[in-house]
Amino acid sequence: MIRVAVAGPRGRMGALAVETMITGKDFLLVGVLDRKMAEKADTLAGAVPIYTDMATLAQEAQPDVLVELTNHESVYPHTRDAILNGIRPVVGTSGLKEEQITRLSELASEHKIGCILAPNFSVGAALLMKFAAMAVKYMPEAEIIEMHHDGKKDFPSGTAALTARMMADSKGTEPNQPDGRGTDISGVPVHSVRLPGLLSHQEVLFGGDGQLLTLRHDSFSRQSYMSGMTLAVKDVMNRDRLIDGLDKIIG
Ligand SMILES: NC(=O)C1=CN([C@@H]2O[C@H](COP(=O)(O)OP(=O)(O)OC[C@H]3O[C@@H](n4cnc5c(N)ncnc54)[C@H](OP(=O)(O)O)[C@@H]3O)[C@@H](O)[C@H]2O)C=CC1
Ligand SMILES: O=C(O)C1=N[C@H](C(=O)O)C[C@H](O)C1
């Protein structure tokens, strides 16, 4: 049994992660990391120990893995503190900056501890990233449109940021000159749409001479993230460094 803690357990993703860890036969949910203790009639009260700081969580609950599902402000300190306390982070939260990823990678290597960053846990999105990295070699003029529900706080999405970084690495050339449209990530323009009715959708458009290639992925339910999340929780137990992206572990 892998001892798991979840940060952000009251959120849309965190609540589903808690349920998945409670029902999954390979996992033991040993605690949650929250901003506040349980309130009366709280669904978490009595169901699982609640902690408000990483050191106490580490000492008392002794998790092997922390599934991080909070927001772009809390994700870096939580991931850093998990590593420093000997807990392997599986980070689903988006919004880590490139310099923060570099620092976390150094920390994980120094402490010889696994850490998986997966801004998108769905297998389809991981495949989209791989295909985009392949396609950009042949069709280098490309832009990303990411579309999400109107409750999403950060932009551009973590999925779009990782896709753009993978495309830039694959292209192996100087980034395009930014012209101010969208957000420039490693030379790839990223456009963010937030509308009610959407959940999580991404298109990568490749333009050529009289042609357009479109790669598209849609998540219609947050259940689409759960199999990748459980895969990452198992996989991180066998790592001793940071892995950036689910695509690196799906084989
Ligand atoms: N990897 C993946 O496949 C996916 C990743 N995501 C990402 O996961 C993250 C969460 O998304 P979502 O669940 O929709 O967001 P929500 O806003 O629904 O949930 C985030 C939760 O984290 C809590 N939180 C914030 N800071 C802390 C903290 N310091 N300690 C404990 N809890 C904290 C929030 O509490 P409060 O309300 O008090 O602020 C809130 O309950 C986002 O970054 C999103 O982009 C989303 C979907 C899929
Ligand atoms: O907030 C969301 O909903 C999502 N966030 C992640 C991201 O920023 O890419 C993953 C997915 O797109 C859903």
# chains A, B, ... in the order shown; residues from 1 in each chain; ligands from 1

call {"tool": "residues_near_ligand", "arguments": {"ligand": "ligand 2", "cutoff": "6 Å", "atoms": "only C-alpha atoms and all ligand atoms", "output": "number ranges by chain"}}
result
A: 94, 119-120, 152, 157-159, 200

call {"tool": "residues_near_ligand", "arguments": {"ligand": "ligand 1", "cutoff": "7 Å", "atoms": "only C-alpha atoms and all ligand atoms", "output": "JSON, numbers by chain"}}
result
{"A": [7, 8, 9, 10, 11, 12, 13, 14, 33, 34, 35, 69, 70, 71, 72, 74, 92, 93, 94, 95, 118, 119, 120, 121, 122, 152, 154, 157, 158, 222, 225]}

call {"tool": "select_by_dssp", "arguments": {"residues": "segment 25-209 of chain A", "states": "strand (DSSP E)", "output": "MDAnalysis selection string"}}
result
chainID A and resid 27:33 50:51 65:68 88:91 115:117 142:148 183:185 188:194 200:208

call {"tool": "residues_around", "arguments": {"residues": "Pro140 of chain A", "least_positions_apart": "4", "cutoff": "9 Å", "atoms": "only C-alpha atoms", "output": "ChimeraX atom specification"}}
result
/A:135-136,167,171,206-208

call {"tool": "atom_distance", "arguments": {"atom1": "atom CA of Glu143 of chain A", "atom2": "atom CA of Pro156 of chain A"}}
result
12.8 Å

call {"tool": "residues_around", "arguments": {"residues": "Arg88 of chain A", "least_positions_apart": "4", "cutoff": "7 Å", "atoms": "only C-alpha atoms", "output": "list in words"}}
result
Asp64, Val65, Leu66, Ala82, Ile83, Ile113, Gly114, Cys115 and Val236 of chain A

call {"tool": "closest_residue", "arguments": {"among": "A:Leu246, A:Ile144, A:Leu127, A:Val90", "to": "Thr214 of chain A", "atoms": "only C-alpha atoms"}}
result
A:Ile144

call {"tool": "residues_around", "arguments": {"residues": "Met166 of chain A", "least_positions_apart": "4", "cutoff": "8 Å", "atoms": "only C-alpha atoms", "output": "PyMOL selection string"}}
result
chain A and resi 129-130+133+162+170

call {"tool": "closest_residue", "arguments": {"among": "A:Met147, A:Ile116, A:Ala126, A:Ile50", "to": "Leu199 of chain A", "atoms": "only C-alpha atoms"}}
result
A:Met147

call {"tool": "select_by_dssp", "arguments": {"residues": "segment 29-113 of chain A", "states": "alpha helix (DSSP H)", "output": "list in words"}}
result
Met54, Ala55, Thr56, Val75, Tyr76, Pro77, His78, Thr79, Arg80, Asp81, Ala82, Ile83, Leu84, Glu98, Glu99, Gln100, Ile101, Thr102, Arg103, Leu104, Ser105, Glu106, Leu107, Ala108, Ser109, Glu110 and His111 of chain A

call {"tool": "residues_around", "arguments": {"residues": "segment 185-196 of chain A", "least_positions_apart": "4", "cutoff": "10 Å", "atoms": "only C-alpha atoms", "output": "ChimeraX atom specification"}}
result
/A:140-157,160-169,174-181,200-204

call {"tool": "write_last_selection", "arguments": {"atoms": "N, CA and C atoms", "output": "short mmCIF file (atom, residue, chain, number, x, y, z; two decimals), in the first residue's frame"}}
result
data_model
loop_
_atom_site.label_atom_id
_atom_site.label_comp_id
_atom_site.auth_asym_id
_atom_site.auth_seq_id
_atom_site.Cartn_x
_atom_site.Cartn_y
_atom_site.Cartn_z
N PRO A 140 6.86 24.31 -38.49
CA PRO A 140 7.29 25.09 -37.33
C PRO A 140 6.43 26.30 -36.99
N GLU A 141 5.55 26.74 -37.91
CA GLU A 141 4.69 27.89 -37.61
C GLU A 141 3.45 27.37 -36.87
N ALA A 142 3.45 27.51 -35.55
CA ALA A 142 2.39 26.88 -34.77
C ALA A 142 1.93 27.78 -33.63
N GLU A 143 0.65 27.66 -33.27
CA GLU A 143 0.10 28.40 -32.13
C GLU A 143 -0.84 27.48 -31.35
N ILE A 144 -1.00 27.79 -30.06
CA ILE A 144 -1.84 26.95 -29.19
C ILE A 144 -3.06 27.75 -28.74
N ILE A 145 -4.22 27.10 -28.79
CA ILE A 145 -5.43 27.69 -28.18
C ILE A 145 -5.87 26.75 -27.06
N GLU A 146 -5.85 27.26 -25.82
CA GLU A 146 -6.35 26.44 -24.70
C GLU A 146 -7.65 27.04 -24.21
N MET A 147 -8.64 26.16 -23.95
CA MET A 147 -10.00 26.62 -23.60
C MET A 147 -10.44 25.91 -22.33
N HIS A 148 -10.86 26.66 -21.33
CA HIS A 148 -11.22 26.08 -20.04
C HIS A 148 -12.50 26.69 -19.48
N HIS A 149 -13.03 26.01 -18.48
CA HIS A 149 -14.19 26.49 -17.69
C HIS A 149 -13.86 27.85 -17.06
N ASP A 150 -14.90 28.61 -16.78
CA ASP A 150 -14.67 29.97 -16.28
C ASP A 150 -14.29 30.02 -14.80
N GLY A 151 -14.19 28.84 -14.14
CA GLY A 151 -13.71 28.82 -12.75
C GLY A 151 -12.20 28.69 -12.66
N LYS A 152 -11.53 28.51 -13.79
CA LYS A 152 -10.08 28.32 -13.76
C LYS A 152 -9.39 29.64 -13.46
N LYS A 153 -8.50 29.61 -12.45
CA LYS A 153 -7.93 30.87 -11.97
C LYS A 153 -6.69 31.30 -12.75
N ASP A 154 -5.91 30.34 -13.26
CA ASP A 154 -4.62 30.69 -13.86
C ASP A 154 -4.69 30.66 -15.39
N PHE A 155 -3.81 31.41 -16.01
CA PHE A 155 -3.63 31.31 -17.46
C PHE A 155 -2.20 31.71 -17.80
N PRO A 156 -1.62 31.21 -18.86
CA PRO A 156 -2.16 30.12 -19.68
C PRO A 156 -2.15 28.82 -18.89
N SER A 157 -2.84 27.82 -19.38
CA SER A 157 -2.94 26.55 -18.65
C SER A 157 -1.57 25.88 -18.56
N ALA A 160 -0.91 23.85 -21.70
CA ALA A 160 -0.40 24.64 -22.84
C ALA A 160 1.07 25.00 -22.63
N ALA A 161 1.42 25.35 -21.39
CA ALA A 161 2.81 25.75 -21.12
C ALA A 161 3.76 24.58 -21.39
N LEU A 162 3.38 23.38 -20.93
CA LEU A 162 4.26 22.22 -21.15
C LEU A 162 4.29 21.85 -22.64
N THR A 163 3.15 21.93 -23.31
CA THR A 163 3.13 21.63 -24.75
C THR A 163 4.08 22.58 -25.49
N ALA A 164 4.01 23.86 -25.14
CA ALA A 164 4.87 24.86 -25.82
C ALA A 164 6.34 24.57 -25.54
N ARG A 165 6.67 24.22 -24.29
CA ARG A 165 8.08 23.93 -23.96
C ARG A 165 8.56 22.71 -24.74
N MET A 166 7.70 21.68 -24.83
CA MET A 166 8.11 20.47 -25.56
C MET A 166 8.27 20.76 -27.05
N MET A 167 7.40 21.63 -27.60
CA MET A 167 7.51 22.00 -29.02
C MET A 167 8.80 22.77 -29.25
N ALA A 168 9.12 23.69 -28.35
CA ALA A 168 10.34 24.50 -28.51
C ALA A 168 11.58 23.61 -28.42
N ASP A 169 11.58 22.65 -27.47
CA ASP A 169 12.72 21.73 -27.34
C ASP A 169 12.89 20.90 -28.60
N GLU A 174 15.96 28.72 -32.95
CA GLU A 174 15.67 29.93 -32.18
C GLU A 174 14.16 30.13 -32.11
N PRO A 175 13.63 30.57 -30.93
CA PRO A 175 12.20 30.83 -30.86
C PRO A 175 11.76 31.91 -31.84
N ASN A 176 10.47 31.88 -32.21
CA ASN A 176 9.92 32.94 -33.06
C ASN A 176 10.02 34.27 -32.34
N GLN A 177 10.04 35.34 -33.09
CA GLN A 177 9.98 36.66 -32.46
C GLN A 177 8.56 36.91 -31.99
N PRO A 178 8.34 37.16 -30.68
CA PRO A 178 6.97 37.40 -30.22
C PRO A 178 6.40 38.68 -30.83
N ASP A 179 5.11 38.64 -31.22
CA ASP A 179 4.52 39.86 -31.79
C ASP A 179 3.39 40.38 -30.92
N GLY A 180 3.33 39.89 -29.67
CA GLY A 180 2.39 40.46 -28.71
C GLY A 180 1.03 39.79 -28.67
N ARG A 181 0.74 38.85 -29.59
CA ARG A 181 -0.56 38.17 -29.53
C ARG A 181 -0.46 36.97 -28.60
N SER A 200 -12.04 21.31 -20.25
CA SER A 200 -10.62 21.47 -20.55
C SER A 200 -10.37 21.01 -21.99
N HIS A 201 -9.90 21.91 -22.82
CA HIS A 201 -9.77 21.64 -24.26
C HIS A 201 -8.51 22.35 -24.77
N GLN A 202 -7.84 21.72 -25.71
CA GLN A 202 -6.66 22.37 -26.29
C GLN A 202 -6.51 22.02 -27.76
N GLU A 203 -6.21 23.04 -28.56
CA GLU A 203 -5.87 22.82 -29.97
C GLU A 203 -4.47 23.33 -30.22
N VAL A 204 -3.70 22.60 -31.01
CA VAL A 204 -2.43 23.11 -31.51
C VAL A 204 -2.58 23.20 -33.03
#

call {"tool": "closest_residue", "arguments": {"among": "A:Thr79, A:Thr102, A:Asn85, A:Gln223", "to": "Pro63 of chain A", "atoms": "only C-alpha atoms"}}
result
A:Asn85

call {"tool": "closest_residue", "arguments": {"among": "A:Asp209, A:Asp184, A:Glu106, A:Glu19", "to": "Tyr138 of chain A", "atoms": "only C-alpha atoms"}}
result
A:Asp209

call {"tool": "closest_residue", "arguments": {"among": "A:Ala132, A:Leu57, A:Leu213, A:Ile249", "to": "Lys234 of chain A", "atoms": "only C-alpha atoms"}}
result
A:Ile249

call {"tool": "atom_distance", "arguments": {"atom1": "atom CA of Gly228 of chain A", "atom2": "atom CA of Met139 of chain A"}}
result
29.3 Å

call {"tool": "closest_residue", "arguments": {"among": "A:Val123, A:Val30, A:Ala55, A:Val48", "to": "Lys248 of chain A", "atoms": "only C-alpha atoms"}}
result
A:Val123
